[in-house]
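Trainee: So that we are looking at the same thing, I have put the structure below in structure tokens.
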Amino acid sequence: MGDPAAVGTAGEALADGMIRVDILSKRYGRVPVLGPVHFRIAPGETVALLGPSGIGKSTILRILAGIDTDFEGCVSRPEHMAIVFQEPTLLPWRSALRNLTLANAGLSEAAAREALARVGLKGRGEAFPGQLSLGQQRRLALARAFAGRPELLIMDEPFVSLDAKTAETMIALTETLIAETRPATLFVTHARAEAERLADRILELRGEPATLSPHLVQTEGYD
Amino acid sequence: MTGKASGPLLSVAALLGLWVVAAALTADPQILPSPLALWQPFVRELSTGTLPHHLGATLVRVAWAFVLAMLLGTAIGLAMGRSERVNRLLDPWLVIFLNLPALVLIVLCYLWIGLTEAAAITAVTLNKVPNVATVIREGARALDRDLDAMAKVYRMSATTRFLHVTLPQLAPFLAASARSGIAVIWKIVLVVEFLGRSSGVGFQIHMYFQLFDVAMVLVYALSFIGVMLAVEWAILQPWERRARRWRTA
């Protein structure tokens, strides 16, 4: 599994806990979408992946998360991961509390209630996601991600399509939770302001097929 | 609450009324006895234990065939819905079995396996599996990919995934195929009994058909309809209400 020369393999993280992404290429059918993409994320480091919509940010994210295994290259990732999608992606047929405990095996009910309280959902544990507002559902998705204290947290444009006020609340909450839990975080966005605020380091995706641009080019966000 | 419950009751009463009128117009209890005329033979069959014995035999066959058809059909449907390769491989089979008349399957099962209980249940199961598989395949195709990805990243166990991610999404499809399945299955079970069993509602109907006893044919048919209504109201509907709770909450 850990042979770096193998194609599309997913090795386990090495002893230093460093997360390694070495993508040689990724194509959809015959269209190459990603060229060589290499980066590392240290434990506790927050890295933003910045680039315009449709360039392949989500593809990198899905490869890192292990959702997409059809690529050339090698990824080392920790055992314990969490993900926040653009949409809440909850189990609508299970209560808020069960959404936390089902996604995080071994999470006690008390710890799950604690995690709900952290995102302002105290006492809503028995509610189904459909009974929560969209803002509450997104906070529930955040609670689910942080409750298990993941070693790697992956976020796919979690603040896109939110109004300014909600986005600000969510970003502040995410900042607090990251500071408390200190997971290695890869955070995908097309908004430079978000990236600069949350990330220790910014990777920028450019070109076609996309590769990481070597320098940080100071331009405005892409929105 | 009373308004809700009286609706179906009224409609059943209307059907009974229609029957009484038709029986009065026919004026020949040999051809269409009135509902009241069935009461006596019904009580007689019930007290001798003949009716419960045959109802039980049919019910056991229905239960076996139903469980087997649902399990097999769900497994096949899921595999076909989730994998395009499996779908291409099995789709022609599905079309063939869907279009194979129930009677042909029953006769072949009896000829090949023999006039046994196993042959009877196999025949009914094989008749129903393609329908279940077709419905579940649609459900499997509609499974949410994002939830799948979520389950994968959070490393949910296979059991957790099946019980809490896949099964709830399939619930409406399972309910639809169970609903239509149980109705179709008991009808096929009757044919199977008619052709090659010495117990069950179908066997009794066969016998009274030869005696041209319309009253007894109706007694047996209606008794089993009663049993199936009880199953619907006591098992299927409460289960469905429970499974749908999250939608209405």
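Residue numbers start at 1 in each chain; chains themselves are named A, B, ... in the order of the structure tokens; ligands are numbered from 1 in the order shown.
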May I have all residues of range 143-216 of chain B that DSSP, computed from the backbone, assigns to helix (DSSP H, G or I), given as an MDAnalysis selection string?
Mentor: chainID B and resid 145:153 158:196 201:210 214:216
Trainee: Any idea which chain B residues end up within 6 Å of chain A if we count only C-alpha atoms, as an NGL selection string please?
Mentor: :B and (149 or 154 or 246)
Trainee: By how many Å are CA of Asp148 in chain B and CA of Arg82 in chain B apart?
Mentor: 11.6 Å
Trainee: Determine the nearest neighbour of Tyr28 in chain A from the options A:Gly44, A:Gly135, A:Pro209, A:Leu107, counting only C-alpha atoms.
Mentor: A:Pro209
Trainee: Choose the residue, out of B:Thr26, B:Ser223, B:Thr166, B:Ser157, that has the smallest atom-to-atom separation from Ala142 in chain B; count only C-alpha atoms.
Mentor: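 When distances to Ala142 in chain B are compared using only C-alpha atoms, the smallest one comes from B:Thr166.
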Trainee: For CA of Val75 in chain A and CA of Pro52 in chain A, quote the distance in Å rounded to one decimal.
Mentor: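 Atom-to-atom, CA of Val75 in chain A and CA of Pro52 in chain A are spaced 23.6 Å apart.
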Trainee: When DSSP is applied to the backbone of this structure, which of range 17-72 of chain A are assigned strand (DSSP E or B)? Write them out as a ChimeraX atom specification.
Mentor: /A:19-28,31-34,37-41,46-50,72
Trainee: Using only C-alpha atoms, which residues sit within 12 Å of Leu36 in chain B once same-chain residues fewer than 2 positions away are excluded, as a ChimeraX atom specification?
Mentor: /B:16-17,19-20,23-24,29,32-34,38-43,215,218-219
Trainee: Keeping only C-alpha atoms, write those residues as a compact mmCIF listing (two decimals), in the first residue's frame.
Mentor:
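Generated file (again.txt):
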```
# COMPACT_ATOMS: atom_id res chain seq x y z
CA LEU B 16 -71.03 -4.75 0.49
CA GLY B 17 -74.22 -2.84 -0.45
CA TRP B 19 -72.91 -7.00 -3.52
CA VAL B 20 -76.28 -7.31 -1.71
CA ALA B 23 -77.17 -10.88 -5.25
CA ALA B 24 -80.78 -9.77 -5.03
CA PRO B 29 -77.53 -18.24 -4.52
CA LEU B 32 -73.90 -15.19 -6.33
CA PRO B 33 -74.89 -15.80 -2.71
CA SER B 34 -75.58 -12.72 -0.63
CA LEU B 38 -71.70 -16.79 3.68
CA TRP B 39 -71.79 -16.37 7.43
CA GLN B 40 -73.06 -19.85 8.23
CA PRO B 41 -70.49 -21.78 6.13
CA PHE B 42 -67.76 -19.45 7.39
CA VAL B 43 -68.55 -20.22 11.04
CA ALA B 215 -70.24 -19.69 -1.51
CA LEU B 218 -65.95 -16.78 -1.64
CA VAL B 219 -65.57 -17.82 2.00
```
Trainee: What does the distance between CA of Ser133 in chain A and CA of Val119 in chain A come to in Å, to one decimal place?
Mentor: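 Going from CA of Ser133 in chain A over to CA of Val119 in chain A, I get 13.5 Å.
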Trainee: For range 19-24 of chain A, work out the shell of residues within 8 Å, counting only C-alpha atoms and skipping chain neighbours fewer than 4 positions away, then give it as a short mmCIF file (atom, residue, chain, number, x, y, z; two decimals) with N, CA and C atoms, in the first residue's frame.
Mentor:
```cif
data_model
loop_
_atom_site.label_atom_id
_atom_site.label_comp_id
_atom_site.auth_asym_id
_atom_site.auth_seq_id
_atom_site.Cartn_x
_atom_site.Cartn_y
_atom_site.Cartn_z
N ALA A 13 -0.31 7.47 6.78
CA ALA A 13 0.60 8.56 7.13
C ALA A 13 1.84 7.98 7.80
N LEU A 14 2.97 8.63 7.56
CA LEU A 14 4.19 8.15 8.17
C LEU A 14 4.26 8.59 9.62
N LEU A 34 -5.74 17.52 -13.88
CA LEU A 34 -4.67 17.88 -12.97
C LEU A 34 -3.33 17.44 -13.53
N GLY A 35 -2.35 18.35 -13.47
CA GLY A 35 -0.97 17.98 -13.76
C GLY A 35 -0.35 17.56 -12.44
N PRO A 36 0.99 17.61 -12.38
CA PRO A 36 1.64 17.25 -11.13
C PRO A 36 1.25 18.20 -10.00
N VAL A 37 0.80 17.64 -8.90
CA VAL A 37 0.44 18.45 -7.73
C VAL A 37 1.07 17.77 -6.52
N HIS A 38 2.01 18.47 -5.89
CA HIS A 38 2.68 17.90 -4.71
C HIS A 38 2.57 18.89 -3.57
N PHE A 39 2.10 18.45 -2.44
CA PHE A 39 2.17 19.31 -1.25
C PHE A 39 2.13 18.47 0.01
N ARG A 40 2.50 19.11 1.11
CA ARG A 40 2.52 18.46 2.42
C ARG A 40 1.68 19.28 3.37
N ILE A 41 1.07 18.62 4.31
CA ILE A 41 0.40 19.35 5.39
C ILE A 41 0.92 18.78 6.70
N ALA A 42 1.47 19.67 7.53
CA ALA A 42 2.00 19.22 8.82
C ALA A 42 0.85 19.08 9.81
N PRO A 43 1.04 18.26 10.85
CA PRO A 43 -0.01 18.14 11.87
C PRO A 43 -0.34 19.51 12.45
N LEU A 64 -7.50 13.51 -1.91
CA LEU A 64 -6.92 13.49 -0.57
C LEU A 64 -7.83 12.74 0.40
N PHE A 71 -6.55 7.90 -9.96
CA PHE A 71 -5.58 8.93 -10.36
C PHE A 71 -4.19 8.30 -10.34
N GLU A 72 -3.26 9.02 -10.94
CA GLU A 72 -1.88 8.55 -10.89
C GLU A 72 -1.16 9.31 -9.81
N GLY A 73 -0.54 8.59 -8.89
CA GLY A 73 0.18 9.26 -7.82
C GLY A 73 0.01 8.53 -6.52
N CYS A 74 0.29 9.24 -5.45
CA CYS A 74 0.31 8.60 -4.15
C CYS A 74 -0.09 9.60 -3.08
N VAL A 75 -0.89 9.16 -2.14
CA VAL A 75 -1.33 10.03 -1.05
C VAL A 75 -1.13 9.32 0.27
N SER A 76 -0.53 10.00 1.23
CA SER A 76 -0.46 9.46 2.60
C SER A 76 -1.39 10.27 3.46
N ARG A 77 -2.33 9.60 4.06
CA ARG A 77 -3.29 10.33 4.89
C ARG A 77 -3.46 9.60 6.21
N PRO A 78 -3.85 10.35 7.24
CA PRO A 78 -4.06 9.68 8.53
C PRO A 78 -5.34 8.84 8.50
#
```
